[in-house]
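As provided, my_file.cif (mmCIF, C-alpha atoms) reads as follows.
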data_query
#
loop_
_atom_site.group_PDB
_atom_site.id
_atom_site.type_symbol
_atom_site.label_atom_id
_atom_site.label_comp_id
_atom_site.auth_asym_id
_atom_site.auth_seq_id
_atom_site.Cartn_x
_atom_site.Cartn_y
_atom_site.Cartn_z
ATOM 1 C CA MET A 1 208.850 133.701 33.766
ATOM 2 C CA GLY A 2 208.534 131.838 30.466
ATOM 3 C CA GLU A 3 205.527 130.322 28.814
ATOM 4 C CA SER A 4 204.036 127.356 30.680
ATOM 5 C CA LYS A 5 200.862 125.314 30.512
ATOM 6 C CA LEU A 6 197.953 127.009 32.242
ATOM 7 C CA ASP A 7 195.412 125.181 34.346
ATOM 8 C CA ALA A 8 191.834 125.172 33.109
ATOM 9 C CA GLY A 9 189.842 128.241 34.059
ATOM 10 C CA LEU A 10 189.281 131.920 33.353
ATOM 11 C CA PHE A 11 192.180 134.382 33.447
ATOM 12 C CA ILE A 12 191.210 138.066 33.612
ATOM 13 C CA VAL A 13 194.062 139.933 31.930
ATOM 14 C CA SER A 14 194.602 143.692 32.092
ATOM 15 C CA THR A 15 196.059 145.241 28.930
ATOM 16 C CA PRO A 16 197.640 148.666 28.243
ATOM 17 C CA ILE A 17 195.383 151.715 28.022
ATOM 18 C CA GLY A 18 197.753 153.458 25.631
ATOM 19 C CA ASN A 19 201.412 152.745 26.302
ATOM 20 C CA LEU A 20 202.274 149.229 25.154
ATOM 21 C CA ARG A 21 205.162 149.013 27.609
ATOM 22 C CA ASP A 22 202.653 148.922 30.465
ATOM 23 C CA ILE A 23 201.914 145.271 29.660
ATOM 24 C CA THR A 24 203.117 143.050 32.503
ATOM 25 C CA PHE A 25 205.370 140.017 32.069
ATOM 26 C CA ARG A 26 202.657 137.854 33.605
ATOM 27 C CA ALA A 27 199.980 139.216 31.265
ATOM 28 C CA ALA A 28 202.121 138.520 28.186
ATOM 29 C CA ASP A 29 202.948 135.002 29.410
ATOM 30 C CA THR A 30 199.285 134.264 30.055
ATOM 31 C CA LEU A 31 198.132 135.536 26.657
ATOM 32 C CA ARG A 32 200.817 133.423 25.019
ATOM 33 C CA ALA A 33 199.852 130.267 26.913
ATOM 34 C CA ALA A 34 196.041 130.552 26.850
ATOM 35 C CA ASP A 35 194.074 128.100 24.735
ATOM 36 C CA LEU A 36 191.669 130.898 23.786
ATOM 37 C CA ILE A 37 191.498 134.665 24.241
ATOM 38 C CA ALA A 38 188.031 136.195 24.587
ATOM 39 C CA CYS A 39 188.096 139.878 23.642
ATOM 40 C CA GLU A 40 185.803 142.837 22.957
ATOM 41 C CA ASP A 41 187.154 143.529 19.482
ATOM 42 C CA THR A 42 189.351 140.952 17.774
ATOM 43 C CA ARG A 43 190.920 143.652 15.583
ATOM 44 C CA MET A 44 192.141 145.606 18.618
ATOM 45 C CA THR A 45 193.477 142.518 20.346
ATOM 46 C CA LYS A 46 195.187 141.269 17.177
ATOM 47 C CA ARG A 47 197.182 144.519 17.066
ATOM 48 C CA LEU A 48 198.279 144.046 20.670
ATOM 49 C CA LEU A 49 199.235 140.408 20.098
ATOM 50 C CA ALA A 50 201.136 141.286 16.919
ATOM 51 C CA ALA A 51 203.200 143.845 18.834
ATOM 52 C CA LEU A 52 203.961 141.192 21.460
ATOM 53 C CA GLU A 53 204.684 138.580 18.773
ATOM 54 C CA ILE A 54 201.975 136.299 20.130
ATOM 55 C CA ASP A 55 200.000 133.950 17.901
ATOM 56 C CA ALA A 56 196.803 132.934 19.688
ATOM 57 C CA ALA A 57 193.230 131.840 19.012
ATOM 58 C CA LEU A 58 190.710 134.667 19.488
ATOM 59 C CA THR A 59 186.959 134.852 19.896
ATOM 60 C CA ALA A 60 184.761 137.908 20.284
ATOM 61 C CA TYR A 61 183.001 138.413 23.625
ATOM 62 C CA HIS A 62 181.092 141.682 23.994
ATOM 63 C CA GLU A 63 177.724 143.037 25.087
ATOM 64 C CA HIS A 64 176.017 142.055 21.833
ATOM 65 C CA ASN A 65 176.990 138.369 21.849
ATOM 66 C CA ALA A 66 177.738 137.712 25.534
ATOM 67 C CA ALA A 67 174.564 135.738 26.258
ATOM 68 C CA LYS A 68 175.304 133.372 23.352
ATOM 69 C CA MET A 69 179.038 133.067 23.978
ATOM 70 C CA ARG A 70 179.053 132.545 27.765
ATOM 71 C CA PRO A 71 177.841 128.916 27.694
ATOM 72 C CA ARG A 72 180.342 128.113 24.937
ATOM 73 C CA LEU A 73 183.218 129.547 26.959
ATOM 74 C CA ILE A 74 182.051 127.743 30.089
ATOM 75 C CA GLU A 75 181.941 124.470 28.151
ATOM 76 C CA ARG A 76 185.483 124.935 26.888
ATOM 77 C CA MET A 77 186.802 125.614 30.372
ATOM 78 C CA GLN A 78 184.946 122.583 31.720
ATOM 79 C CA ARG A 79 186.732 120.524 29.040
ATOM 80 C CA GLY A 80 190.075 121.724 30.369
ATOM 81 C CA ASP A 81 190.865 124.884 28.401
ATOM 82 C CA ALA A 82 192.435 128.051 29.791
ATOM 83 C CA VAL A 83 190.512 131.112 28.574
ATOM 84 C CA ALA A 84 191.985 134.616 28.877
ATOM 85 C CA LEU A 85 189.519 137.511 29.015
ATOM 86 C CA VAL A 86 190.680 140.927 27.812
ATOM 87 C CA SER A 87 188.974 144.225 27.044
ATOM 88 C CA ASP A 88 190.061 146.635 24.324
ATOM 89 C CA ALA A 89 192.208 148.417 26.909
ATOM 90 C CA GLY A 90 192.672 148.347 30.653
ATOM 91 C CA THR A 91 191.091 146.020 33.188
ATOM 92 C CA PRO A 92 188.203 143.793 32.037
ATOM 93 C CA LEU A 93 184.799 143.952 33.775
ATOM 94 C CA ILE A 94 184.987 147.758 34.125
ATOM 95 C CA SER A 95 182.127 149.000 31.928
ATOM 96 C CA ASP A 96 181.897 145.716 30.003
ATOM 97 C CA PRO A 97 179.901 142.457 30.386
ATOM 98 C CA GLY A 98 182.813 140.437 31.762
ATOM 99 C CA TYR A 99 181.369 140.254 35.264
ATOM 100 C CA LYS A 100 178.586 137.965 34.026
ATOM 101 C CA LEU A 101 181.183 135.522 32.724
ATOM 102 C CA VAL A 102 183.023 135.625 36.057
ATOM 103 C CA ARG A 103 179.765 134.964 37.882
ATOM 104 C CA ALA A 104 178.957 132.071 35.548
ATOM 105 C CA CYS A 105 182.395 130.592 36.269
ATOM 106 C CA HIS A 106 181.809 130.831 40.004
ATOM 107 C CA ASP A 107 178.421 129.144 39.605
ATOM 108 C CA ALA A 108 180.060 126.331 37.618
ATOM 109 C CA ASP A 109 182.980 125.955 40.087
ATOM 110 C CA ILE A 110 185.465 127.019 37.418
ATOM 111 C CA PRO A 111 188.627 128.696 38.793
ATOM 112 C CA VAL A 112 188.978 132.424 38.099
ATOM 113 C CA THR A 113 192.350 134.197 38.250
ATOM 114 C CA VAL A 114 192.877 137.960 37.978
ATOM 115 C CA LEU A 115 196.079 139.515 36.626
ATOM 116 C CA PRO A 116 196.190 143.124 37.894
ATOM 117 C CA GLY A 117 197.492 145.797 35.571
ATOM 118 C CA PRO A 118 196.595 149.021 33.743
ATOM 119 C CA SER A 119 193.316 150.730 34.632
ATOM 120 C CA ALA A 120 192.054 154.043 33.280
ATOM 121 C CA VAL A 121 189.939 154.499 36.405
ATOM 122 C CA MET A 122 192.894 154.242 38.764
ATOM 123 C CA ALA A 123 195.287 156.188 36.522
ATOM 124 C CA GLY A 124 192.861 159.085 36.194
ATOM 125 C CA LEU A 125 192.049 159.118 39.899
ATOM 126 C CA VAL A 126 195.707 159.154 40.926
ATOM 127 C CA LEU A 127 196.557 161.961 38.468
ATOM 128 C CA SER A 128 193.541 164.095 39.355
ATOM 129 C CA GLY A 129 194.849 165.488 42.619
ATOM 130 C CA LEU A 130 191.441 164.776 44.165
ATOM 131 C CA PRO A 131 190.928 162.724 47.361
ATOM 132 C CA THR A 132 191.607 159.025 46.782
ATOM 133 C CA ASP A 133 190.582 157.588 50.161
ATOM 134 C CA ARG A 134 186.973 157.178 48.991
ATOM 135 C CA PHE A 135 185.745 157.159 45.398
ATOM 136 C CA LEU A 136 182.775 155.968 43.364
ATOM 137 C CA PHE A 137 183.176 154.829 39.756
ATOM 138 C CA CYS A 138 180.037 155.929 37.889
ATOM 139 C CA GLY A 139 180.856 154.701 34.379
ATOM 140 C CA PHE A 140 179.533 156.564 31.333
ATOM 141 C CA PRO A 141 176.752 159.108 32.011
ATOM 142 C CA PRO A 142 173.661 158.693 29.797
ATOM 143 C CA SER A 143 173.901 160.486 26.454
ATOM 144 C CA ARG A 144 170.469 162.155 26.780
ATOM 145 C CA ARG A 145 170.520 165.308 28.869
ATOM 146 C CA GLY A 146 167.491 164.507 31.024
ATOM 147 C CA ALA A 147 168.735 161.037 31.934
ATOM 148 C CA ARG A 148 172.249 162.375 32.506
ATOM 149 C CA ARG A 149 171.062 165.056 34.918
ATOM 150 C CA SER A 150 168.924 162.515 36.744
ATOM 151 C CA MET A 151 171.943 160.244 37.125
ATOM 152 C CA LEU A 152 174.063 163.146 38.429
ATOM 153 C CA GLU A 153 171.368 164.091 40.919
ATOM 154 C CA GLY A 154 171.459 160.528 42.207
ATOM 155 C CA VAL A 155 175.158 160.731 43.110
ATOM 156 C CA ALA A 156 175.355 164.405 44.120
ATOM 157 C CA ALA A 157 175.228 163.632 47.842
ATOM 158 C CA VAL A 158 177.815 160.843 47.756
ATOM 159 C CA GLY A 159 180.679 161.683 50.098
ATOM 160 C CA ALA A 160 183.456 160.531 47.789
ATOM 161 C CA THR A 161 185.358 161.466 44.653
ATOM 162 C CA LEU A 162 183.199 160.647 41.625
ATOM 163 C CA VAL A 163 184.904 159.051 38.610
ATOM 164 C CA PHE A 164 183.236 159.120 35.174
ATOM 165 C CA PHE A 165 184.089 158.003 31.667
ATOM 166 C CA GLU A 166 182.962 160.314 28.860
ATOM 167 C CA SER A 167 183.619 160.674 25.144
ATOM 168 C CA ALA A 168 185.411 163.764 23.873
ATOM 169 C CA ARG A 169 182.385 164.705 21.769
ATOM 170 C CA ARG A 170 179.961 164.691 24.701
ATOM 171 C CA LEU A 171 182.323 166.116 27.322
ATOM 172 C CA PRO A 172 181.473 169.836 26.893
ATOM 173 C CA ALA A 173 177.724 169.274 27.412
ATOM 174 C CA CYS A 174 178.370 166.821 30.220
ATOM 175 C CA LEU A 175 180.559 169.329 32.089
ATOM 176 C CA VAL A 176 177.811 171.947 31.845
ATOM 177 C CA ASP A 177 175.306 169.562 33.432
ATOM 178 C CA MET A 178 177.833 168.538 36.085
ATOM 179 C CA ALA A 179 178.470 172.163 37.016
ATOM 180 C CA GLU A 180 174.737 172.864 37.281
ATOM 181 C CA VAL A 181 173.835 169.705 39.204
ATOM 182 C CA LEU A 182 176.932 169.068 41.306
ATOM 183 C CA GLY A 183 177.932 172.665 41.915
ATOM 184 C CA ALA A 184 181.325 174.356 41.765
ATOM 185 C CA ARG A 185 183.213 171.416 43.252
ATOM 186 C CA GLU A 186 186.849 170.664 42.481
ATOM 187 C CA ALA A 187 187.267 168.408 39.454
ATOM 188 C CA ALA A 188 189.749 167.194 36.869
ATOM 189 C CA VAL A 189 189.561 166.073 33.235
ATOM 190 C CA ALA A 190 192.182 163.487 32.271
ATOM 191 C CA ARG A 191 192.720 162.329 28.704
ATOM 192 C CA GLU A 192 195.242 160.415 26.589
ATOM 193 C CA LEU A 193 196.484 158.690 29.741
ATOM 194 C CA THR A 194 199.908 157.000 29.396
ATOM 195 C CA LYS A 195 200.261 158.395 25.859
ATOM 196 C CA VAL A 196 202.498 161.116 24.414
ATOM 197 C CA TYR A 197 199.820 163.806 24.791
ATOM 198 C CA GLU A 198 198.652 162.834 28.273
ATOM 199 C CA GLU A 199 196.862 165.798 29.822
ATOM 200 C CA VAL A 200 195.052 166.642 33.058
ATOM 201 C CA ARG A 201 193.098 169.874 33.452
ATOM 202 C CA ARG A 202 192.035 170.821 36.960
ATOM 203 C CA GLY A 203 189.618 173.400 38.338
ATOM 204 C CA THR A 204 186.082 173.736 39.595
ATOM 205 C CA LEU A 205 183.381 172.224 37.398
ATOM 206 C CA ASP A 206 182.129 175.632 36.246
ATOM 207 C CA ILE A 207 185.636 176.680 35.173
ATOM 208 C CA LEU A 208 186.198 173.395 33.342
ATOM 209 C CA ALA A 209 182.821 173.731 31.622
ATOM 210 C CA ARG A 210 183.729 177.197 30.358
ATOM 211 C CA GLY A 211 187.130 175.930 29.206
ATOM 212 C CA TYR A 212 185.555 173.307 26.966
ATOM 213 C CA GLU A 213 182.521 175.288 25.781
ATOM 214 C CA ASP A 214 184.002 175.863 22.299
ATOM 215 C CA GLY A 215 184.877 172.256 21.606
ATOM 216 C CA PRO A 216 186.076 168.871 22.844
ATOM 217 C CA PRO A 217 189.465 168.138 24.474
ATOM 218 C CA GLY A 218 192.392 169.139 22.309
ATOM 219 C CA ALA A 219 190.472 171.925 20.592
ATOM 220 C CA ARG A 220 191.496 174.801 22.882
ATOM 221 C CA TRP A 221 191.786 175.858 26.502
#

Output the file's structure in the form of structure tokens.
Amino acid sequence: MGESKLDAGLFIVSTPIGNLRDITFRAADTLRAADLIACEDTRMTKRLLAALEIDAALTAYHEHNAAKMRPRLIERMQRGDAVALVSDAGTPLISDPGYKLVRACHDADIPVTVLPGPSAVMAGLVLSGLPTDRFLFCGFPPSRRGARRSMLEGVAAVGATLVFFESARRLPACLVDMAEVLGAREAAVARELTKVYEEVRRGTLDILARGYEDGPPGARW
């Protein structure tokens, strides 16, 4: 499909989480045809667009300016513009403020279209080897130990695979708390998904915690 004029509205566009070739034809066409692209970090999105040879107007939309930018984006769409929403990587709205923009569009009777594509949540879940019939995405655990343990205690009884995001720096401490609060349940740590050094380490939480006790992912095993 080639570039064509888009109808007014919001287009939620998934972008690669590491491997650029995971971009879909439809996503590239939409980014090329949009009147405006709203993104978390314009520098990140500019690199993606440059690789795709797309020249497009960008505006920042993130947790720090979302309240100010939402009415402006709504106004543009009401005037007839097509706005594409992207995150730095993966599917928008997952651990970002995009859902408030979608809700505002629904309230204003502005059409919303989703373009499925790359998702770190789904990629990690599928690679983990853990049950996929029921899962709960828990986002990033709190950075402070007390709050993190409280959060883990709140989901400990959930009868589903639990999916978390965590930074490499905080992972060792987080795994220790998970092992103590959640017990020696089967788990997996997935990193660098879709990239050259993609890696998944599997084992019980206590074994994984011991494996990372001397440093973050990539340091040793």

Across A:Ala108, A:Val176, A:Leu85, A:Ala27, the smallest distance to Thr42 (chain A), with all atoms listed in the file counted, is shown by A:Leu85

Any chance you could resolve the PyMOL selection byres ((chain A and resi 126) around 12) against this file and give the residues as a PDB file with C-alpha atoms, in the frame of the given file?
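See part_10.pdb below for the written result:
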ATOM      1  CA  SER A 119     193.316 150.730  34.632  1.00  0.00           C
ATOM      2  CA  ALA A 120     192.054 154.043  33.280  1.00  0.00           C
ATOM      3  CA  VAL A 121     189.939 154.499  36.405  1.00  0.00           C
ATOM      4  CA  MET A 122     192.894 154.242  38.764  1.00  0.00           C
ATOM      5  CA  ALA A 123     195.287 156.188  36.522  1.00  0.00           C
ATOM      6  CA  GLY A 124     192.861 159.085  36.194  1.00  0.00           C
ATOM      7  CA  LEU A 125     192.049 159.118  39.899  1.00  0.00           C
ATOM      8  CA  LEU A 127     196.557 161.961  38.468  1.00  0.00           C
ATOM      9  CA  SER A 128     193.541 164.095  39.355  1.00  0.00           C
ATOM     10  CA  GLY A 129     194.849 165.488  42.619  1.00  0.00           C
ATOM     11  CA  LEU A 130     191.441 164.776  44.165  1.00  0.00           C
ATOM     12  CA  PRO A 131     190.928 162.724  47.361  1.00  0.00           C
ATOM     13  CA  THR A 132     191.607 159.025  46.782  1.00  0.00           C
ATOM     14  CA  ASP A 133     190.582 157.588  50.161  1.00  0.00           C
ATOM     15  CA  PHE A 135     185.745 157.159  45.398  1.00  0.00           C
ATOM     16  CA  THR A 161     185.358 161.466  44.653  1.00  0.00           C
ATOM     17  CA  VAL A 163     184.904 159.051  38.610  1.00  0.00           C
ATOM     18  CA  ALA A 188     189.749 167.194  36.869  1.00  0.00           C
ATOM     19  CA  ALA A 190     192.182 163.487  32.271  1.00  0.00           C
ATOM     20  CA  LEU A 193     196.484 158.690  29.741  1.00  0.00           C
ATOM     21  CA  VAL A 200     195.052 166.642  33.058  1.00  0.00           C
TER      22      VAL A 200
END

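Closest approach to Thr24 (chain A) among A:Pro71, A:Gly98, A:Pro92, A:Gly117 is made by A:Gly117 (distances from all atoms listed in the file).
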
Picked residues, the PyMOL selection byres ((chain A and resi 183) around 9), as a list of chain:residue names:
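On this input, the PyMOL selection byres ((chain A and resi 183) around 9) captures A:Ala156, A:Met178, A:Ala179, A:Glu180, A:Val181, A:Leu182, A:Ala184, A:Arg185, A:Thr204, A:Leu205, A:Asp206.
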
Q.
Can you tell me which residues surround Cys39 (chain A) at a distance of at most 12 Å, considering all atoms listed in the file, apart from same-chain residues fewer than 6 positions away, and format the answer as a ChimeraX atom specification?
A. /A:11-15,31,45-46,48-49,56-63,65-66,69,73,83-93,96-98

The residue from A:Glu153, A:Asp7, A:Glu199, A:Glu186 with the smallest atom-to-atom distance to Arg79 (chain A), counting only C-alpha atoms, is A:Asp7

Counting all atoms listed in the file, closest pick from A:Ile94, A:Val114, A:Ala51, A:Ala104 relative to Gly139 (chain A) is A:Ile94

(request) Would you mind reading off the distance between CA of Ala160 (chain A) and CA of Cys138 (chain A), one decimal, in Å? (result)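 Going from CA of Ala160 (chain A) over to CA of Cys138 (chain A) covers 11.4 Å.
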
Quick one: of A:Arg170, A:Ser4, A:Arg70, A:Gly18, who's nearest to Tyr197 (chain A), counting all atoms listed in the file?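 Checking each of A:Arg170, A:Ser4, A:Arg70, A:Gly18 against Tyr197 (chain A), counting all atoms listed in the file, the winner is A:Gly18.
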
One decimal, Å: what's the distance from CA of Phe164 (chain A) over to CA of Pro16 (chain A), could you say?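 Distance reported for this atom pair: 19.1 Å.
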
Nearest to Ile37 (chain A), restricted to only C-alpha atoms and choosing among A:Glu198, A:Met151, A:Ile54, A:Phe137, comes out as A:Ile54

Edge lengths and centre in Å to one decimal, as lines of an AutoDock Vina configuration file, is what I'm after for the box along x, y and z that holds all listed atoms of region 151-167 of chain A once 8 Å is added on each side.
center_x = 178.4
center_y = 161.2
center_z = 37.6
size_x = 30.0
size_y = 22.4
size_z = 41.0

Original post:
If you measure from CA of Asp177 (chain A) to CA of Ser95 (chain A), what distance in Å do you get, rounded to one decimal?
Top reply: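 So the answer is 21.7 Å.
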
Quiz prompt | Residue IDs satisfying the PyMOL selection byres ((chain A and resi 35) around 7), as a VMD selection string | solution = chain A and resid 33 to 34 36 57 81 to 83
